file entry04.pdb (PDB, C-alpha atoms)
MODEL        1
ATOM      1  CA  MET D  75      41.911  -0.421-150.453  1.00  0.00           C
ATOM      2  CA  CYS D  76      45.063  -2.397-151.203  1.00  0.00           C
ATOM      3  CA  VAL D  77      45.830  -3.005-147.526  1.00  0.00           C
ATOM      4  CA  ASP D  78      42.209  -3.650-146.434  1.00  0.00           C
ATOM      5  CA  TRP D  79      41.363  -6.131-149.174  1.00  0.00           C
ATOM      6  CA  GLY D  80      44.830  -7.490-149.838  1.00  0.00           C
ATOM      7  CA  VAL D  81      44.865  -6.743-153.581  1.00  0.00           C
ATOM      8  CA  SER D  82      47.562  -5.252-155.793  1.00  0.00           C
ATOM      9  CA  ILE D  83      47.635  -1.611-156.858  1.00  0.00           C
ATOM     10  CA  ARG D  84      46.937  -2.655-160.417  1.00  0.00           C
ATOM     11  CA  LYS D  85      43.750  -4.587-159.490  1.00  0.00           C
ATOM     12  CA  ALA D  86      42.554  -1.837-157.147  1.00  0.00           C
ATOM     13  CA  CYS D  87      43.003   0.824-159.839  1.00  0.00           C
ATOM     14  CA  GLY D  88      41.247  -1.408-162.370  1.00  0.00           C
ATOM     15  CA  ALA D  89      38.277  -1.916-160.014  1.00  0.00           C
ATOM     16  CA  ILE D  90      37.653   1.824-159.674  1.00  0.00           C
ATOM     17  CA  CYS D  91      38.590   2.619-163.311  1.00  0.00           C
ATOM     18  CA  PHE D  92      41.614   4.704-162.284  1.00  0.00           C
ATOM     19  CA  ASP D  93      44.795   4.779-164.361  1.00  0.00           C
ATOM     20  CA  THR D  94      47.833   3.322-162.586  1.00  0.00           C
ATOM     21  CA  SER D  95      50.117   5.979-164.068  1.00  0.00           C
ATOM     22  CA  SER D  96      48.057   8.608-162.241  1.00  0.00           C
ATOM     23  CA  TYR D  97      48.485   6.623-159.010  1.00  0.00           C
ATOM     24  CA  HIS D  98      52.256   6.541-159.398  1.00  0.00           C
ATOM     25  CA  TYR D  99      52.558  10.180-160.513  1.00  0.00           C
ATOM     26  CA  LYS D 100      55.025  12.267-158.510  1.00  0.00           C
ATOM     27  CA  SER D 101      54.833  16.032-158.886  1.00  0.00           C
ATOM     28  CA  ARG D 102      58.065  17.744-159.911  1.00  0.00           C
ATOM     29  CA  ARG D 103      56.716  21.161-159.086  1.00  0.00           C
ATOM     30  CA  THR D 104      58.985  23.260-156.873  1.00  0.00           C
ATOM     31  CA  HIS D 105      57.600  25.267-153.993  1.00  0.00           C
ATOM     32  CA  GLN D 106      56.529  28.750-155.124  1.00  0.00           C
ATOM     33  CA  GLY D 107      56.499  30.407-151.686  1.00  0.00           C
ATOM     34  CA  ALA D 108      59.210  32.955-152.521  1.00  0.00           C
ATOM     35  CA  VAL D 109      57.503  33.981-155.789  1.00  0.00           C
ATOM     36  CA  GLU D 110      54.136  34.216-154.007  1.00  0.00           C
ATOM     37  CA  ARG D 111      55.626  36.483-151.330  1.00  0.00           C
ATOM     38  CA  ARG D 112      57.245  38.708-153.972  1.00  0.00           C
ATOM     39  CA  ILE D 113      54.004  38.983-155.987  1.00  0.00           C
ATOM     40  CA  LYS D 114      52.151  39.913-152.791  1.00  0.00           C
ATOM     41  CA  GLU D 115      54.761  42.584-151.974  1.00  0.00           C
ATOM     42  CA  ILE D 116      54.505  44.065-155.462  1.00  0.00           C
ATOM     43  CA  CYS D 117      50.702  44.142-155.298  1.00  0.00           C
ATOM     44  CA  GLU D 118      50.701  45.736-151.843  1.00  0.00           C
ATOM     45  CA  THR D 119      52.960  48.573-152.977  1.00  0.00           C
ATOM     46  CA  ARG D 120      51.389  48.994-156.424  1.00  0.00           C
ATOM     47  CA  VAL D 121      47.657  48.441-156.027  1.00  0.00           C
ATOM     48  CA  ARG D 122      46.691  49.117-159.650  1.00  0.00           C
ATOM     49  CA  TYR D 123      49.090  46.556-161.150  1.00  0.00           C
ATOM     50  CA  GLY D 124      47.589  43.514-162.843  1.00  0.00           C
ATOM     51  CA  SER D 125      49.199  40.141-163.446  1.00  0.00           C
ATOM     52  CA  ARG D 126      50.860  41.244-166.705  1.00  0.00           C
ATOM     53  CA  ARG D 127      52.564  44.226-165.126  1.00  0.00           C
ATOM     54  CA  VAL D 128      53.607  42.123-162.097  1.00  0.00           C
ATOM     55  CA  HIS D 129      55.093  39.560-164.509  1.00  0.00           C
ATOM     56  CA  VAL D 130      57.168  42.268-166.221  1.00  0.00           C
ATOM     57  CA  LEU D 131      58.510  43.447-162.851  1.00  0.00           C
ATOM     58  CA  LEU D 132      59.390  39.892-161.823  1.00  0.00           C
ATOM     59  CA  ARG D 133      61.268  39.314-165.087  1.00  0.00           C
ATOM     60  CA  ARG D 134      63.170  42.594-164.606  1.00  0.00           C
ATOM     61  CA  GLU D 135      64.182  41.442-161.112  1.00  0.00           C
ATOM     62  CA  GLY D 136      65.608  38.227-162.586  1.00  0.00           C
ATOM     63  CA  TRP D 137      62.895  35.702-161.742  1.00  0.00           C
ATOM     64  CA  VAL D 138      62.599  32.944-164.361  1.00  0.00           C
ATOM     65  CA  ILE D 139      58.840  32.463-164.450  1.00  0.00           C
ATOM     66  CA  ASN D 140      56.248  31.783-167.115  1.00  0.00           C
ATOM     67  CA  MET D 141      53.417  34.289-167.711  1.00  0.00           C
ATOM     68  CA  LYS D 142      50.844  31.539-167.079  1.00  0.00           C
ATOM     69  CA  LYS D 143      52.478  30.723-163.754  1.00  0.00           C
ATOM     70  CA  THR D 144      52.450  34.412-162.759  1.00  0.00           C
ATOM     71  CA  ARG D 145      48.769  34.744-163.660  1.00  0.00           C
ATOM     72  CA  GLY D 146      47.919  31.508-161.806  1.00  0.00           C
ATOM     73  CA  ILE D 147      49.649  32.616-158.606  1.00  0.00           C
ATOM     74  CA  TYR D 148      48.137  36.096-158.937  1.00  0.00           C
ATOM     75  CA  ASN D 149      44.622  34.643-159.194  1.00  0.00           C
ATOM     76  CA  GLU D 150      45.289  32.036-156.499  1.00  0.00           C
ATOM     77  CA  LEU D 151      46.220  34.806-154.069  1.00  0.00           C
ATOM     78  CA  GLY D 152      42.941  36.566-154.892  1.00  0.00           C
ATOM     79  CA  LEU D 153      44.654  39.639-156.320  1.00  0.00           C
ATOM     80  CA  GLN D 154      42.415  40.102-159.343  1.00  0.00           C
ATOM     81  CA  LEU D 155      42.226  43.662-160.552  1.00  0.00           C
ATOM     82  CA  ARG D 156      38.874  45.347-161.089  1.00  0.00           C
ATOM     83  CA  HIS D 157      38.227  46.125-164.728  1.00  0.00           C
ATOM     84  CA  LYS D 158      35.800  48.974-164.148  1.00  0.00           C
ATOM     85  CA  HIS D 159      36.680  52.148-162.309  1.00  0.00           C
ATOM     86  CA  PRO D 160      34.075  53.163-159.738  1.00  0.00           C
ATOM     87  CA  LYS D 161      31.854  55.979-160.902  1.00  0.00           C
ATOM     88  CA  ARG D 162      32.167  59.276-159.131  1.00  0.00           C
ATOM     89  CA  ARG D 163      29.371  59.661-156.660  1.00  0.00           C
ATOM     90  CA  VAL D 164      27.343  62.782-157.229  1.00  0.00           C
ATOM     91  CA  LYS D 165      26.136  64.207-153.973  1.00  0.00           C
ATOM     92  CA  ALA D 166      22.389  64.070-153.866  1.00  0.00           C
ATOM     93  CA  LYS D 167      20.617  67.365-153.622  1.00  0.00           C
ATOM     94  CA  LEU D 168      19.400  67.758-150.083  1.00  0.00           C
ATOM     95  CA  ARG D 169      15.660  67.856-149.844  1.00  0.00           C
ATOM     96  CA  GLU D 170      13.382  68.561-146.966  1.00  0.00           C
ATOM     97  CA  ASP D 171      12.147  65.737-144.793  1.00  0.00           C
ATOM     98  CA  ARG D 172       8.890  64.051-145.654  1.00  0.00           C
ATOM     99  CA  GLN D 173       5.902  65.472-143.897  1.00  0.00           C
ATOM    100  CA  GLU D 174       3.480  63.396-141.895  1.00  0.00           C
ATOM    101  CA  ALA D 175      -0.079  63.391-143.185  1.00  0.00           C
ATOM    102  CA  ILE D 176      -2.458  65.045-140.696  1.00  0.00           C
ATOM    103  CA  GLY D 177      -5.669  64.385-142.607  1.00  0.00           C
ATOM    104  CA  PRO D 178      -6.986  63.136-145.948  1.00  0.00           C
ATOM    105  CA  ASN D 179      -5.733  64.938-149.068  1.00  0.00           C
ATOM    106  CA  ASP D 180      -2.854  66.355-147.048  1.00  0.00           C
ATOM    107  CA  VAL D 181       0.061  64.358-148.511  1.00  0.00           C
ATOM    108  CA  TRP D 182       0.100  62.199-151.638  1.00  0.00           C
ATOM    109  CA  ALA D 183       2.733  59.835-152.923  1.00  0.00           C
ATOM    110  CA  MET D 184       3.132  58.622-156.504  1.00  0.00           C
ATOM    111  CA  ASP D 185       5.151  55.831-158.034  1.00  0.00           C
ATOM    112  CA  PHE D 186       5.206  53.342-160.896  1.00  0.00           C
ATOM    113  CA  VAL D 187       4.313  49.660-160.645  1.00  0.00           C
ATOM    114  CA  HIS D 188       5.850  47.435-163.314  1.00  0.00           C
ATOM    115  CA  ASP D 189       4.496  44.143-164.654  1.00  0.00           C
ATOM    116  CA  GLN D 190       4.727  42.009-167.767  1.00  0.00           C
ATOM    117  CA  LEU D 191       1.932  40.390-169.719  1.00  0.00           C
ATOM    118  CA  ALA D 192       1.980  36.741-170.829  1.00  0.00           C
ATOM    119  CA  MET D 193       2.774  37.909-174.374  1.00  0.00           C
ATOM    120  CA  GLY D 194       5.948  39.539-173.051  1.00  0.00           C
ATOM    121  CA  LYS D 195       4.790  43.144-173.347  1.00  0.00           C
ATOM    122  CA  LYS D 196       5.733  45.325-170.366  1.00  0.00           C
ATOM    123  CA  LEU D 197       3.084  47.271-168.496  1.00  0.00           C
ATOM    124  CA  ARG D 198       3.608  50.333-166.274  1.00  0.00           C
ATOM    125  CA  ILE D 199       0.994  51.620-163.873  1.00  0.00           C
ATOM    126  CA  LEU D 200       1.180  55.113-162.386  1.00  0.00           C
ATOM    127  CA  THR D 201      -0.256  54.988-158.873  1.00  0.00           C
ATOM    128  CA  VAL D 202      -1.077  57.984-156.720  1.00  0.00           C
ATOM    129  CA  VAL D 203      -1.864  57.233-153.062  1.00  0.00           C
ATOM    130  CA  ASP D 204      -3.179  59.437-150.266  1.00  0.00           C
ATOM    131  CA  THR D 205      -0.734  58.646-147.438  1.00  0.00           C
ATOM    132  CA  HIS D 206      -3.269  59.323-144.674  1.00  0.00           C
ATOM    133  CA  SER D 207      -6.337  57.409-145.865  1.00  0.00           C
ATOM    134  CA  ARG D 208      -4.437  54.960-148.167  1.00  0.00           C
ATOM    135  CA  LEU D 209      -6.970  55.636-150.918  1.00  0.00           C
ATOM    136  CA  CYS D 210      -5.758  55.580-154.508  1.00  0.00           C
ATOM    137  CA  PRO D 211      -7.216  58.554-156.427  1.00  0.00           C
ATOM    138  CA  ALA D 212      -5.377  57.537-159.631  1.00  0.00           C
ATOM    139  CA  ALA D 213      -4.015  54.299-161.086  1.00  0.00           C
ATOM    140  CA  ASP D 214      -3.317  54.639-164.811  1.00  0.00           C
ATOM    141  CA  PRO D 215      -1.917  51.630-166.741  1.00  0.00           C
ATOM    142  CA  ARG D 216      -0.017  52.173-170.011  1.00  0.00           C
ATOM    143  CA  PHE D 217       2.549  50.364-172.081  1.00  0.00           C
ATOM    144  CA  THR D 218       4.794  53.408-172.383  1.00  0.00           C
ATOM    145  CA  TYR D 219       5.007  56.420-170.109  1.00  0.00           C
ATOM    146  CA  ARG D 220       6.603  59.773-170.827  1.00  0.00           C
ATOM    147  CA  GLY D 221       6.728  62.842-168.651  1.00  0.00           C
ATOM    148  CA  GLU D 222       3.849  64.404-170.579  1.00  0.00           C
ATOM    149  CA  ASP D 223       1.734  61.292-169.905  1.00  0.00           C
ATOM    150  CA  VAL D 224       2.246  61.654-166.153  1.00  0.00           C
ATOM    151  CA  VAL D 225       1.161  65.315-166.271  1.00  0.00           C
ATOM    152  CA  GLN D 226      -1.829  64.430-168.443  1.00  0.00           C
ATOM    153  CA  THR D 227      -2.916  61.686-166.018  1.00  0.00           C
ATOM    154  CA  LEU D 228      -2.610  63.972-163.018  1.00  0.00           C
ATOM    155  CA  GLU D 229      -4.551  66.769-164.708  1.00  0.00           C
ATOM    156  CA  LYS D 230      -7.267  64.428-165.992  1.00  0.00           C
ATOM    157  CA  ARG D 231      -7.829  62.249-162.929  1.00  0.00           C
ATOM    158  CA  LEU D 232      -7.235  64.642-160.081  1.00  0.00           C
ATOM    159  CA  ARG D 233      -9.623  67.522-159.663  1.00  0.00           C
ATOM    160  CA  PRO D 234      -8.084  70.909-158.758  1.00  0.00           C
ATOM    161  CA  GLY D 235     -10.061  71.095-155.497  1.00  0.00           C
ATOM    162  CA  ARG D 236      -8.528  67.811-154.320  1.00  0.00           C
ATOM    163  CA  LEU D 237      -4.855  68.650-154.824  1.00  0.00           C
ATOM    164  CA  PRO D 238      -2.764  68.013-151.704  1.00  0.00           C
ATOM    165  CA  GLU D 239      -0.544  70.433-149.869  1.00  0.00           C
ATOM    166  CA  TYR D 240       2.576  68.314-150.321  1.00  0.00           C
ATOM    167  CA  HIS D 241       3.605  65.769-153.000  1.00  0.00           C
ATOM    168  CA  SER D 242       6.138  63.045-152.228  1.00  0.00           C
ATOM    169  CA  ARG D 243       7.696  60.331-154.373  1.00  0.00           C
ATOM    170  CA  ARG D 244       8.223  56.941-152.702  1.00  0.00           C
TER
ENDMDL
END

call {"tool": "encode", "arguments": {"input": "entry04.pdb", "output": "structure tokens"}}
result
Amino acid sequence: MCVDWGVSIRKACGAICFDTSSYHYKSRRTHQGAVERRIKEICETRVRYGSRRVHVLLRREGWVINMKKTRGIYNELGLQLRHKHPKRRVKAKLREDRQEAIGPNDVWAMDFVHDQLAMGKKLRILTVVDTHSRLCPAADPRFTYRGEDVVQTLEKRLRPGRLPEYHSRR
């Protein structure tokens, strides 16, 4: 801007509302490459160490570094430690493969559909579907559902002569 328009630094900074002291600022920060490499080495060997523990190790080794600087470099390198431990995965109980429906009333599937009314009240609908004919023998809406309610709906809506051979849950 100064060269193109032939104006002084002071006038150029005033035109764009920029402080001249910021223009003349020279950083006195030293290069942190050696500290960055050391922090990376520590984190590669000790995976569960966070920035505080890394800072303690650096201080023990003789590095003169501020805790805020250690945390900044640690975060800048993307070495943030997870706060939560992953939950142990419980192996799912193996179940038999789903059967293909050969005819009507052969295989049924049941599931819940969730929705919310304009008032904010939540609505759950138990749906039972015949997987062959895609007919819905039961769709029961309620605000709250317990296990007993599901059994009651199935006993009330589904006649004993119409029960399928196989029940699946989608």

call {"tool": "resolve_selection", "arguments": {"input": "entry04.pdb", "expression": "the PyMOL selection byres ((chain D and resi 104-116) around 9)", "output": "ChimeraX atom specification"}}
result
/D:101-103,117-121,123,125,128-129,131-132,137,139,144,147-148,151,153

call {"tool": "resolve_selection", "arguments": {"input": "entry04.pdb", "expression": "the PyMOL selection byres ((chain D and resi 174-176) around 10)", "output": "PyMOL selection string"}}
result
chain D and resi 171-173+177-182+204-207+239-240

call {"tool": "axis_aligned_box", "arguments": {"input": "entry04.pdb", "around": "stretch 181-188 of chain D", "padding_each_side": "8 Å", "output": "AutoDock Vina command-line options"}}
result
--center_x 3.0 --center_y 55.9 --center_z -155.9 --size_x 21.8 --size_y 32.9 --size_z 30.8

call {"tool": "atom_distance", "arguments": {"input": "entry04.pdb", "atom1": "atom CA of D:Phe217", "atom2": "atom CA of D:Asp185"}}
result
15.3 Å

call {"tool": "atom_distance", "arguments": {"input": "entry04.pdb", "atom1": "atom CA of D:Thr201", "atom2": "atom CA of D:Ala183"}}
result
8.2 Å

call {"tool": "closest_residue", "arguments": {"input": "entry04.pdb", "among": "D:Arg216, D:Arg126, D:Lys196, D:Arg84", "to": "D:Gly146", "atoms": "only C-alpha atoms"}}
result
D:Arg126

call {"tool": "build_atoms", "arguments": {"input": "entry04.pdb", "residues": "stretch 125-144 of chain D", "atoms": "N, CA and C atoms", "output": "short mmCIF file (atom, residue, chain, number, x, y, z; two decimals), in the coordinates of the input"}}
result
data_model
loop_
_atom_site.label_atom_id
_atom_site.label_comp_id
_atom_site.auth_asym_id
_atom_site.auth_seq_id
_atom_site.Cartn_x
_atom_site.Cartn_y
_atom_site.Cartn_z
N SER D 125 48.26 41.25 -163.37
CA SER D 125 49.20 40.14 -163.45
C SER D 125 50.25 40.36 -164.53
N ARG D 126 49.89 41.01 -165.63
CA ARG D 126 50.86 41.24 -166.70
C ARG D 126 51.97 42.18 -166.24
N ARG D 127 51.58 43.25 -165.59
CA ARG D 127 52.56 44.23 -165.13
C ARG D 127 53.44 43.62 -164.03
N VAL D 128 52.84 42.80 -163.14
CA VAL D 128 53.61 42.12 -162.10
C VAL D 128 54.62 41.18 -162.74
N HIS D 129 54.20 40.48 -163.81
CA HIS D 129 55.09 39.56 -164.51
C HIS D 129 56.30 40.31 -165.08
N VAL D 130 56.08 41.47 -165.67
CA VAL D 130 57.17 42.27 -166.22
C VAL D 130 58.15 42.65 -165.12
N LEU D 131 57.63 43.07 -163.96
CA LEU D 131 58.51 43.45 -162.85
C LEU D 131 59.32 42.26 -162.34
N LEU D 132 58.67 41.09 -162.26
CA LEU D 132 59.39 39.89 -161.82
C LEU D 132 60.52 39.54 -162.79
N ARG D 133 60.24 39.62 -164.08
CA ARG D 133 61.27 39.31 -165.09
C ARG D 133 62.43 40.31 -165.00
N ARG D 134 62.12 41.58 -164.75
CA ARG D 134 63.17 42.59 -164.61
C ARG D 134 64.05 42.32 -163.39
N GLU D 135 63.43 41.75 -162.33
CA GLU D 135 64.18 41.44 -161.11
C GLU D 135 65.01 40.17 -161.26
N GLY D 136 64.80 39.42 -162.35
CA GLY D 136 65.61 38.23 -162.59
C GLY D 136 64.90 36.91 -162.30
N TRP D 137 63.64 36.94 -161.97
CA TRP D 137 62.90 35.70 -161.74
C TRP D 137 62.66 35.02 -163.09
N VAL D 138 62.88 33.71 -163.16
CA VAL D 138 62.60 32.94 -164.36
C VAL D 138 61.24 32.30 -164.13
N ILE D 139 60.22 32.92 -164.69
CA ILE D 139 58.84 32.46 -164.45
C ILE D 139 58.02 32.68 -165.71
N ASN D 140 57.13 31.74 -165.95
CA ASN D 140 56.25 31.78 -167.12
C ASN D 140 55.09 32.74 -166.83
N MET D 141 54.56 33.37 -167.87
CA MET D 141 53.42 34.29 -167.71
C MET D 141 52.21 33.56 -167.14
N LYS D 142 51.99 32.31 -167.59
CA LYS D 142 50.84 31.54 -167.08
C LYS D 142 51.00 31.25 -165.59
N LYS D 143 52.21 30.98 -165.17
CA LYS D 143 52.48 30.72 -163.75
C LYS D 143 52.23 31.99 -162.93
N THR D 144 52.67 33.13 -163.45
CA THR D 144 52.45 34.41 -162.76
C THR D 144 50.96 34.68 -162.61
#
